[in-house]
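This is run-v6.cif. It holds mmCIF, C-alpha atoms and all ligand atoms.
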data_coords
loop_
_atom_site.group_PDB
_atom_site.id
_atom_site.type_symbol
_atom_site.label_atom_id
_atom_site.label_comp_id
_atom_site.auth_asym_id
_atom_site.auth_seq_id
_atom_site.Cartn_x
_atom_site.Cartn_y
_atom_site.Cartn_z
ATOM 1 C CA MET S 1 -370.878 -212.332 38.869
ATOM 2 C CA ASP S 2 -374.419 -211.807 37.647
ATOM 3 C CA CYS S 3 -377.420 -213.102 39.564
ATOM 4 C CA PRO S 4 -378.710 -216.167 37.701
ATOM 5 C CA VAL S 5 -382.253 -215.606 38.952
ATOM 6 C CA CYS S 6 -382.975 -211.847 38.572
ATOM 7 C CA HIS S 7 -379.979 -211.185 36.247
ATOM 8 C CA LYS S 8 -378.652 -208.264 38.349
ATOM 9 C CA LYS S 9 -375.206 -207.506 36.988
ATOM 10 C CA ASN S 10 -371.724 -207.146 38.560
ATOM 11 C CA ILE S 11 -372.376 -208.367 42.107
ATOM 12 C CA GLU S 12 -369.098 -208.462 44.128
ATOM 13 C CA SER S 13 -367.667 -211.943 44.743
ATOM 14 C CA TYR S 14 -367.727 -211.674 48.596
ATOM 15 C CA VAL S 15 -371.543 -211.047 48.528
ATOM 16 C CA HIS S 16 -373.325 -214.373 49.323
ATOM 17 C CA ASN S 17 -376.876 -213.354 48.659
ATOM 18 C CA CYS S 18 -378.214 -211.309 45.744
ATOM 19 C CA PRO S 19 -379.038 -207.808 47.036
ATOM 20 C CA GLU S 20 -381.995 -207.770 44.646
ATOM 21 C CA CYS S 21 -383.731 -211.179 45.106
ATOM 22 C CA GLU S 22 -381.905 -212.732 48.092
ATOM 23 C CA THR S 23 -380.846 -215.789 46.027
ATOM 24 C CA ASP S 24 -378.008 -217.823 47.612
ATOM 25 C CA LEU S 25 -375.246 -216.958 45.136
ATOM 26 C CA LEU S 26 -372.677 -219.288 46.824
ATOM 27 C CA GLN S 27 -374.683 -222.374 45.880
ATOM 28 C CA PHE S 28 -374.765 -221.223 42.257
ATOM 29 C CA SER S 29 -371.012 -220.564 42.189
ATOM 30 C CA ILE S 30 -370.392 -224.077 43.610
ATOM 31 C CA PHE S 31 -372.670 -225.448 40.922
ATOM 32 C CA ASP S 32 -370.739 -223.497 38.258
ATOM 33 C CA MET S 33 -367.412 -224.882 39.484
ATOM 34 C CA ALA S 34 -368.822 -228.398 39.423
ATOM 35 C CA ALA S 35 -370.074 -227.798 35.901
ATOM 36 C CA GLU S 36 -366.629 -226.576 34.828
ATOM 37 C CA ASP S 37 -365.027 -229.645 36.413
ATOM 38 C CA TYR S 38 -367.503 -231.847 34.663
ATOM 39 C CA LEU S 39 -366.753 -230.163 31.338
ATOM 40 C CA ALA S 40 -363.028 -230.602 31.863
ATOM 41 C CA MET S 41 -363.497 -234.276 32.744
ATOM 42 C CA THR S 42 -365.688 -234.795 29.708
ATOM 43 C CA LYS S 43 -363.024 -233.207 27.553
ATOM 44 C CA ARG S 44 -360.295 -235.424 29.027
ATOM 45 C CA SER S 45 -362.449 -238.492 28.554
ATOM 46 C CA SER S 46 -363.078 -237.553 24.908
ATOM 47 C CA ILE S 47 -359.339 -237.183 24.352
ATOM 48 C CA LEU S 48 -358.783 -240.602 25.925
ATOM 49 C CA GLU S 49 -361.547 -242.124 23.820
ATOM 50 C CA GLY S 50 -359.938 -240.627 20.730
ATOM 51 C CA LYS S 51 -356.661 -242.232 21.729
ATOM 52 C CA VAL S 52 -358.389 -245.559 22.262
ATOM 53 C CA VAL S 53 -359.924 -245.340 18.778
ATOM 54 C CA GLU S 54 -356.535 -244.410 17.323
ATOM 55 C CA LEU S 55 -354.866 -247.361 19.057
ATOM 56 C CA GLU S 56 -357.634 -249.676 17.903
ATOM 57 C CA GLN S 57 -357.134 -248.527 14.302
ATOM 58 C CA LYS S 58 -353.368 -248.986 14.586
ATOM 59 C CA ARG S 59 -353.927 -252.477 15.992
ATOM 60 C CA LYS S 60 -356.199 -253.311 13.050
ATOM 61 C CA ARG S 61 -353.629 -251.974 10.570
ATOM 62 C CA ASP S 62 -350.851 -254.002 12.206
ATOM 63 C CA ARG S 63 -353.032 -257.088 12.207
ATOM 64 C CA ASN S 64 -353.874 -256.659 8.512
ATOM 65 C CA ASN S 65 -350.192 -256.143 7.674
ATOM 66 C CA TYR S 66 -349.297 -259.259 9.641
ATOM 67 C CA VAL S 67 -351.991 -261.370 7.983
ATOM 68 C CA GLY S 68 -350.952 -260.041 4.577
ATOM 69 C CA LYS S 69 -347.351 -260.972 5.286
ATOM 70 C CA ILE S 70 -348.378 -264.487 6.321
ATOM 71 C CA TYR S 71 -350.436 -264.940 3.142
ATOM 72 C CA ARG S 72 -347.561 -263.674 0.989
ATOM 73 C CA ASN S 73 -345.135 -266.054 2.683
ATOM 74 C CA LEU S 74 -347.586 -268.939 2.317
ATOM 75 C CA PHE S 75 -347.980 -268.112 -1.359
ATOM 76 C CA PHE S 76 -344.213 -268.099 -1.971
ATOM 77 C CA LEU S 77 -343.771 -271.285 0.036
ATOM 78 C CA SER S 78 -346.407 -273.095 -2.012
ATOM 79 C CA LEU S 79 -344.828 -271.738 -5.182
ATOM 80 C CA LEU S 80 -341.472 -273.139 -4.065
ATOM 81 C CA GLY S 81 -343.142 -276.435 -3.191
ATOM 82 C CA LEU S 82 -344.748 -276.573 -6.621
ATOM 83 C CA ILE S 83 -341.425 -275.827 -8.336
ATOM 84 C CA TYR S 84 -339.710 -278.491 -6.234
ATOM 85 C CA PHE S 85 -342.475 -280.968 -7.005
ATOM 86 C CA LEU S 86 -342.397 -280.236 -10.741
ATOM 87 C CA PHE S 87 -338.646 -280.077 -11.302
ATOM 88 C CA PHE S 88 -336.740 -281.735 -8.494
ATOM 89 C CA LYS S 89 -338.862 -284.469 -6.981
ATOM 90 C CA LYS S 90 -337.519 -287.954 -7.605
ATOM 91 C CA PRO S 91 -339.730 -291.001 -7.501
ATOM 92 C CA PRO S 92 -339.844 -292.463 -4.000
ATOM 93 C CA GLN S 93 -337.178 -295.064 -3.330
ATOM 94 C CA PRO S 94 -338.381 -298.424 -2.031
ATOM 95 C CA GLU S 95 -337.539 -298.762 1.621
ATOM 96 C CA ILE S 96 -334.942 -301.417 2.410
ATOM 97 C CA VAL S 97 -336.084 -303.650 5.245
ATOM 98 C CA PRO S 98 -333.115 -305.652 6.486
ATOM 99 C CA ASP S 99 -335.016 -308.600 7.897
ATOM 100 C CA GLN S 100 -333.711 -312.161 7.921
ATOM 101 C CA ALA S 101 -335.843 -313.330 5.000
ATOM 102 C CA THR S 102 -334.566 -310.537 2.767
ATOM 103 C CA ILE S 103 -330.958 -311.245 3.739
ATOM 104 C CA GLU S 104 -331.444 -314.943 2.946
ATOM 105 C CA ASN S 105 -333.032 -313.998 -0.341
ATOM 106 C CA LEU S 106 -330.133 -311.701 -1.254
ATOM 107 C CA LYS S 107 -327.632 -314.396 -0.291
ATOM 108 C CA LYS S 108 -329.418 -316.916 -2.497
ATOM 109 C CA GLN S 109 -329.510 -314.391 -5.328
ATOM 110 C CA HIS S 110 -325.786 -313.719 -4.885
ATOM 111 C CA GLU S 111 -325.013 -317.461 -4.901
ATOM 112 C CA THR S 112 -327.068 -317.973 -8.032
ATOM 113 C CA GLN S 113 -325.278 -315.110 -9.765
ATOM 114 C CA THR S 114 -321.874 -316.409 -8.663
ATOM 115 C CA ALA S 115 -322.730 -319.883 -9.949
ATOM 116 C CA GLN S 116 -323.860 -318.384 -13.253
ATOM 117 C CA LEU S 117 -320.620 -316.378 -13.539
ATOM 118 C CA LYS S 118 -318.557 -319.506 -12.797
ATOM 119 C CA LYS S 119 -320.486 -321.401 -15.423
ATOM 120 C CA ASP S 120 -319.949 -318.581 -17.953
ATOM 121 C CA LEU S 121 -316.230 -318.570 -17.146
ATOM 122 C CA GLU S 122 -316.079 -322.365 -17.583
ATOM 123 C CA ASP S 123 -317.887 -322.073 -20.927
ATOM 124 C CA ALA S 124 -315.456 -319.391 -22.062
ATOM 125 C CA LYS S 125 -312.510 -321.614 -21.063
ATOM 126 C CA ASN S 126 -313.976 -324.552 -22.946
ATOM 127 C CA GLN S 127 -314.488 -322.356 -25.959
ATOM 128 C CA ILE S 128 -310.839 -321.249 -25.838
ATOM 129 C CA GLU S 129 -309.732 -324.891 -25.456
ATOM 130 C CA GLY S 130 -311.890 -325.751 -28.461
ATOM 131 C CA ILE S 131 -310.263 -323.017 -30.526
ATOM 132 C CA LYS S 132 -306.825 -324.204 -29.389
ATOM 133 C CA ALA S 133 -307.718 -327.770 -30.348
ATOM 134 C CA GLN S 134 -308.716 -326.547 -33.788
ATOM 135 C CA THR S 135 -305.370 -324.822 -34.177
ATOM 136 C CA ASN S 136 -303.381 -326.901 -36.591
ATOM 137 C CA VAL S 137 -299.686 -327.234 -35.953
ATOM 138 C CA LYS S 138 -297.675 -328.065 -39.005
ATOM 139 C CA SER S 139 -294.110 -329.053 -38.398
ATOM 140 C CA ILE S 140 -291.047 -329.564 -40.474
ATOM 141 C CA GLN S 141 -287.747 -331.129 -39.554
ATOM 142 C CA TYR S 142 -284.544 -329.187 -40.142
ATOM 143 C CA VAL S 143 -281.000 -330.468 -39.924
ATOM 144 C CA ILE S 144 -278.584 -327.956 -38.435
ATOM 145 C CA GLN S 145 -275.883 -326.800 -40.823
ATOM 146 C CA LYS S 146 -272.446 -325.425 -40.069
ATOM 147 C CA ASP S 147 -272.488 -321.747 -38.844
ATOM 148 C CA ASP S 148 -276.257 -321.820 -38.170
ATOM 149 C CA ILE S 149 -277.340 -319.365 -35.466
ATOM 150 C CA LEU S 150 -280.786 -319.676 -33.926
ATOM 151 C CA TRP S 151 -281.661 -315.990 -34.549
ATOM 152 C CA GLN S 152 -280.832 -316.435 -38.234
ATOM 153 C CA LEU S 153 -283.118 -319.504 -38.350
ATOM 154 C CA GLY S 154 -285.901 -317.377 -36.796
ATOM 155 C CA GLU S 155 -285.342 -314.760 -39.498
ATOM 156 C CA LEU S 156 -285.190 -317.410 -42.219
ATOM 157 C CA PHE S 157 -288.315 -319.429 -41.333
ATOM 158 C CA TYR S 158 -290.512 -316.913 -39.502
ATOM 159 C CA ASN S 159 -289.257 -313.536 -40.788
ATOM 160 C CA ASN S 160 -288.630 -312.684 -37.127
ATOM 161 C CA ARG S 161 -285.326 -312.989 -35.229
ATOM 162 C CA LEU S 162 -287.229 -313.267 -31.967
ATOM 163 C CA ALA S 163 -288.845 -316.522 -33.196
ATOM 164 C CA ALA S 164 -285.521 -318.045 -32.040
ATOM 165 C CA TYR S 165 -287.000 -318.167 -28.537
ATOM 166 C CA GLN S 166 -290.046 -320.193 -29.698
ATOM 167 C CA ILE S 167 -287.756 -322.624 -31.611
ATOM 168 C CA ALA S 168 -285.558 -322.942 -28.504
ATOM 169 C CA LYS S 169 -288.609 -323.632 -26.361
ATOM 170 C CA ASP S 170 -289.957 -326.265 -28.766
ATOM 171 C CA ASN S 171 -286.549 -328.046 -28.905
ATOM 172 C CA ASP S 172 -285.213 -327.504 -25.350
ATOM 173 C CA ILE S 173 -282.268 -325.401 -26.476
ATOM 174 C CA PRO S 174 -280.709 -323.234 -23.694
ATOM 175 C CA GLU S 175 -279.922 -319.622 -24.613
ATOM 176 C CA GLU S 176 -276.119 -320.056 -24.331
ATOM 177 C CA LYS S 177 -276.324 -322.624 -27.206
ATOM 178 C CA PHE S 178 -278.053 -320.196 -29.627
ATOM 179 C CA ARG S 179 -274.644 -319.602 -31.333
ATOM 180 C CA LEU S 180 -273.286 -323.105 -30.710
ATOM 181 C CA LEU S 181 -275.930 -325.321 -32.332
ATOM 182 C CA PRO S 182 -274.836 -328.966 -32.717
ATOM 183 C CA VAL S 183 -274.230 -329.428 -36.463
ATOM 184 C CA GLY S 184 -276.168 -332.417 -37.922
ATOM 185 C CA ASP S 185 -278.806 -332.460 -35.166
ATOM 186 C CA THR S 186 -282.451 -332.334 -36.290
ATOM 187 C CA ILE S 187 -284.748 -329.691 -34.821
ATOM 188 C CA THR S 188 -288.514 -329.303 -35.229
ATOM 189 C CA LEU S 189 -289.927 -326.056 -36.573
ATOM 190 C CA ASN S 190 -293.640 -325.624 -35.733
ATOM 191 C CA PHE S 191 -295.930 -323.435 -37.805
ATOM 192 C CA ARG S 192 -299.164 -322.708 -35.955
ATOM 193 C CA CYS S 193 -302.179 -321.727 -37.934
ATOM 194 C CA HIS S 194 -305.967 -321.813 -37.686
ATOM 195 C CA GLU S 195 -307.901 -324.122 -39.966
HETATM 196 ZN ZN ZN S 201 -381.048 -211.602 42.163
#
Translate the structure described by the file into structure tokens.
Amino acid sequence: MDCPVCHKKNIESYVHNCPECETDLLQFSIFDMAAEDYLAMTKRSSILEGKVVELEQKRKRDRNNYVGKIYRNLFFLSLLGLIYFLFFKKPPQPEIVPDQATIENLKKQHETQTAQLKKDLEDAKNQIEGIKAQTNVKSIQYVIQKDDILWQLGELFYNNRLAAYQIAKDNDIPEEKFRLLPVGDTITLNFRCHE
């Protein structure tokens, strides 16, 4: 090493004191080692600080990303809410409270409606009876001739063979007598028509 005081060059490392100025070289070499250590430590600490800064920046980036994501999601959620509100929301339904008073009320309402329906039905019946009463039945008497058959009489008077059944009903004629009508008997033929 060189003497730091008198700058004498190339002194051997085992020499403790400068041959020129008697300076304690050992103390200086210890000081140099300490300085080197200090430099190394400073360097390590700078590296660590750099890492801390890097981590801090990464944390900030992550936080910003996270906040951005939350805002985006909130935006889409409110958009969905708006769409739902505008297009799908139905007016609020009144809440049904099943208390005794309401039940009584509903019962009363039901009874009233039933009574009204019964009354309407009665009115309709009366109307039908009225129409029936207005129906005019005109009758003629007919004396049964030889070879008369009830179906032929239906055809003759009503243009309908099946009218035989109505004639039979009006005159109490059993079906087995349709071909064996008592000659000379009088039967009633009813013609129903509206006035
Ligand atoms: Zn010296």
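Those protein and nucleic acid residues that have any atom within 9 Å of ligand ZN 201 (chain S) are, using all atoms listed in the file, Asp2, Cys3, Pro4, Val5, Cys6, His7, Lys8, Lys9, Asn17, Cys18, Pro19, Glu20, Cys21, Glu22, Thr23, Asp24 and Leu25 of chain S.
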Selection dump of the PyMOL selection byres (((chain S and resi 151) around 8) and not hetatm), as a VMD selection string: chain S and resid 149 to 150 152 to 155 161 to 164 178
What does the file look like for those residues with C-alpha atoms, as a PDB file, keeping the file's coordinate frame?
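Here's the written file selection.pdb:
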ATOM      1  CA  ILE S 149    -277.340-319.365 -35.466  1.00  0.00           C
ATOM      2  CA  LEU S 150    -280.786-319.676 -33.926  1.00  0.00           C
ATOM      3  CA  GLN S 152    -280.832-316.435 -38.234  1.00  0.00           C
ATOM      4  CA  LEU S 153    -283.118-319.504 -38.350  1.00  0.00           C
ATOM      5  CA  GLY S 154    -285.901-317.377 -36.796  1.00  0.00           C
ATOM      6  CA  GLU S 155    -285.342-314.760 -39.498  1.00  0.00           C
ATOM      7  CA  ARG S 161    -285.326-312.989 -35.229  1.00  0.00           C
ATOM      8  CA  LEU S 162    -287.229-313.267 -31.967  1.00  0.00           C
ATOM      9  CA  ALA S 163    -288.845-316.522 -33.196  1.00  0.00           C
ATOM     10  CA  ALA S 164    -285.521-318.045 -32.040  1.00  0.00           C
ATOM     11  CA  PHE S 178    -278.053-320.196 -29.627  1.00  0.00           C
TER      12      PHE S 178
END
Mind giving me the straight-line distance from atom CA of S:Pro174 to atom CA of S:Lys132 in Å, one decimal? 26.7 Å
d(atom CA of S:Gly184, atom CA of S:Ile140) in Å: 15.4 Å
Atom CA of S:His110 and atom CA of S:Glu129, how far apart in Å? 28.4 Å
Could you write out as AutoDock Vina command-line options the box around stretch 64-81 of chain S (axis-aligned, all atoms listed in the file, 6 Å on each side), with centre and edge lengths in Å to one decimal?
--center_x -347.7 --center_y -266.3 --center_z 2.2 --size_x 24.4 --size_y 32.3 --size_z 26.8
Give the answer as one residue: which of S:Gln145, S:Asn136, S:Ser45, S:Gln113 has the shortest atom-to-atom distance to S:Asn190, using all atoms listed in the file? S:Asn136
Repaired coordinates for stretch 47-69 of chain S (N, CA and C atoms) as a PDB file, in the frame of the given file:
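And here's part.pdb as it stands now:
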ATOM      1  N   ILE S  47    -360.710-237.025  24.871  1.00  0.00           N
ATOM      2  CA  ILE S  47    -359.339-237.183  24.352  1.00  0.00           C
ATOM      3  C   ILE S  47    -358.897-238.634  24.486  1.00  0.00           C
ATOM      4  N   LEU S  48    -359.180-239.208  25.691  1.00  0.00           N
ATOM      5  CA  LEU S  48    -358.783-240.602  25.925  1.00  0.00           C
ATOM      6  C   LEU S  48    -359.490-241.538  24.948  1.00  0.00           C
ATOM      7  N   GLU S  49    -360.798-241.273  24.759  1.00  0.00           N
ATOM      8  CA  GLU S  49    -361.547-242.124  23.820  1.00  0.00           C
ATOM      9  C   GLU S  49    -360.940-242.061  22.424  1.00  0.00           C
ATOM     10  N   GLY S  50    -360.582-240.802  22.035  1.00  0.00           N
ATOM     11  CA  GLY S  50    -359.938-240.627  20.730  1.00  0.00           C
ATOM     12  C   GLY S  50    -358.685-241.463  20.629  1.00  0.00           C
ATOM     13  N   LYS S  51    -357.914-241.449  21.752  1.00  0.00           N
ATOM     14  CA  LYS S  51    -356.661-242.232  21.729  1.00  0.00           C
ATOM     15  C   LYS S  51    -356.961-243.722  21.598  1.00  0.00           C
ATOM     16  N   VAL S  52    -358.013-244.147  22.322  1.00  0.00           N
ATOM     17  CA  VAL S  52    -358.389-245.559  22.262  1.00  0.00           C
ATOM     18  C   VAL S  52    -358.733-245.948  20.826  1.00  0.00           C
ATOM     19  N   VAL S  53    -359.540-245.062  20.168  1.00  0.00           N
ATOM     20  CA  VAL S  53    -359.924-245.340  18.778  1.00  0.00           C
ATOM     21  C   VAL S  53    -358.686-245.423  17.894  1.00  0.00           C
ATOM     22  N   GLU S  54    -357.760-244.442  18.123  1.00  0.00           N
ATOM     23  CA  GLU S  54    -356.535-244.410  17.323  1.00  0.00           C
ATOM     24  C   GLU S  54    -355.740-245.706  17.482  1.00  0.00           C
ATOM     25  N   LEU S  55    -355.616-246.125  18.781  1.00  0.00           N
ATOM     26  CA  LEU S  55    -354.866-247.361  19.057  1.00  0.00           C
ATOM     27  C   LEU S  55    -355.541-248.570  18.407  1.00  0.00           C
ATOM     28  N   GLU S  56    -356.873-248.560  18.477  1.00  0.00           N
ATOM     29  CA  GLU S  56    -357.634-249.676  17.903  1.00  0.00           C
ATOM     30  C   GLU S  56    -357.380-249.764  16.390  1.00  0.00           C
ATOM     31  N   GLN S  57    -357.377-248.549  15.744  1.00  0.00           N
ATOM     32  CA  GLN S  57    -357.134-248.527  14.302  1.00  0.00           C
ATOM     33  C   GLN S  57    -355.733-249.019  13.976  1.00  0.00           C
ATOM     34  N   LYS S  58    -354.755-248.573  14.809  1.00  0.00           N
ATOM     35  CA  LYS S  58    -353.368-248.986  14.586  1.00  0.00           C
ATOM     36  C   LYS S  58    -353.258-250.504  14.722  1.00  0.00           C
ATOM     37  N   ARG S  59    -353.957-251.030  15.754  1.00  0.00           N
ATOM     38  CA  ARG S  59    -353.927-252.477  15.992  1.00  0.00           C
ATOM     39  C   ARG S  59    -354.481-253.225  14.768  1.00  0.00           C
ATOM     40  N   LYS S  60    -355.584-252.675  14.219  1.00  0.00           N
ATOM     41  CA  LYS S  60    -356.199-253.311  13.050  1.00  0.00           C
ATOM     42  C   LYS S  60    -355.247-253.285  11.856  1.00  0.00           C
ATOM     43  N   ARG S  61    -354.578-252.098  11.675  1.00  0.00           N
ATOM     44  CA  ARG S  61    -353.629-251.974  10.570  1.00  0.00           C
ATOM     45  C   ARG S  61    -352.505-252.997  10.711  1.00  0.00           C
ATOM     46  N   ASP S  62    -351.951-253.057  11.960  1.00  0.00           N
ATOM     47  CA  ASP S  62    -350.851-254.002  12.206  1.00  0.00           C
ATOM     48  C   ASP S  62    -351.295-255.425  11.925  1.00  0.00           C
ATOM     49  N   ARG S  63    -352.516-255.728  12.379  1.00  0.00           N
ATOM     50  CA  ARG S  63    -353.032-257.088  12.207  1.00  0.00           C
ATOM     51  C   ARG S  63    -353.173-257.406  10.718  1.00  0.00           C
ATOM     52  N   ASN S  64    -353.719-256.445   9.952  1.00  0.00           N
ATOM     53  CA  ASN S  64    -353.874-256.659   8.512  1.00  0.00           C
ATOM     54  C   ASN S  64    -352.519-256.854   7.831  1.00  0.00           C
ATOM     55  N   ASN S  65    -351.537-255.993   8.239  1.00  0.00           N
ATOM     56  CA  ASN S  65    -350.192-256.143   7.674  1.00  0.00           C
ATOM     57  C   ASN S  65    -349.647-257.529   7.952  1.00  0.00           C
ATOM     58  N   TYR S  66    -349.827-257.967   9.203  1.00  0.00           N
ATOM     59  CA  TYR S  66    -349.297-259.259   9.641  1.00  0.00           C
ATOM     60  C   TYR S  66    -349.929-260.396   8.838  1.00  0.00           C
ATOM     61  N   VAL S  67    -351.270-260.319   8.720  1.00  0.00           N
ATOM     62  CA  VAL S  67    -351.991-261.370   7.983  1.00  0.00           C
ATOM     63  C   VAL S  67    -351.551-261.368   6.516  1.00  0.00           C
ATOM     64  N   GLY S  68    -351.395-260.143   5.968  1.00  0.00           N
ATOM     65  CA  GLY S  68    -350.952-260.041   4.577  1.00  0.00           C
ATOM     66  C   GLY S  68    -349.589-260.685   4.390  1.00  0.00           C
ATOM     67  N   LYS S  69    -348.697-260.415   5.365  1.00  0.00           N
ATOM     68  CA  LYS S  69    -347.351-260.972   5.286  1.00  0.00           C
ATOM     69  C   LYS S  69    -347.413-262.503   5.299  1.00  0.00           C
TER      70      LYS S  69
END
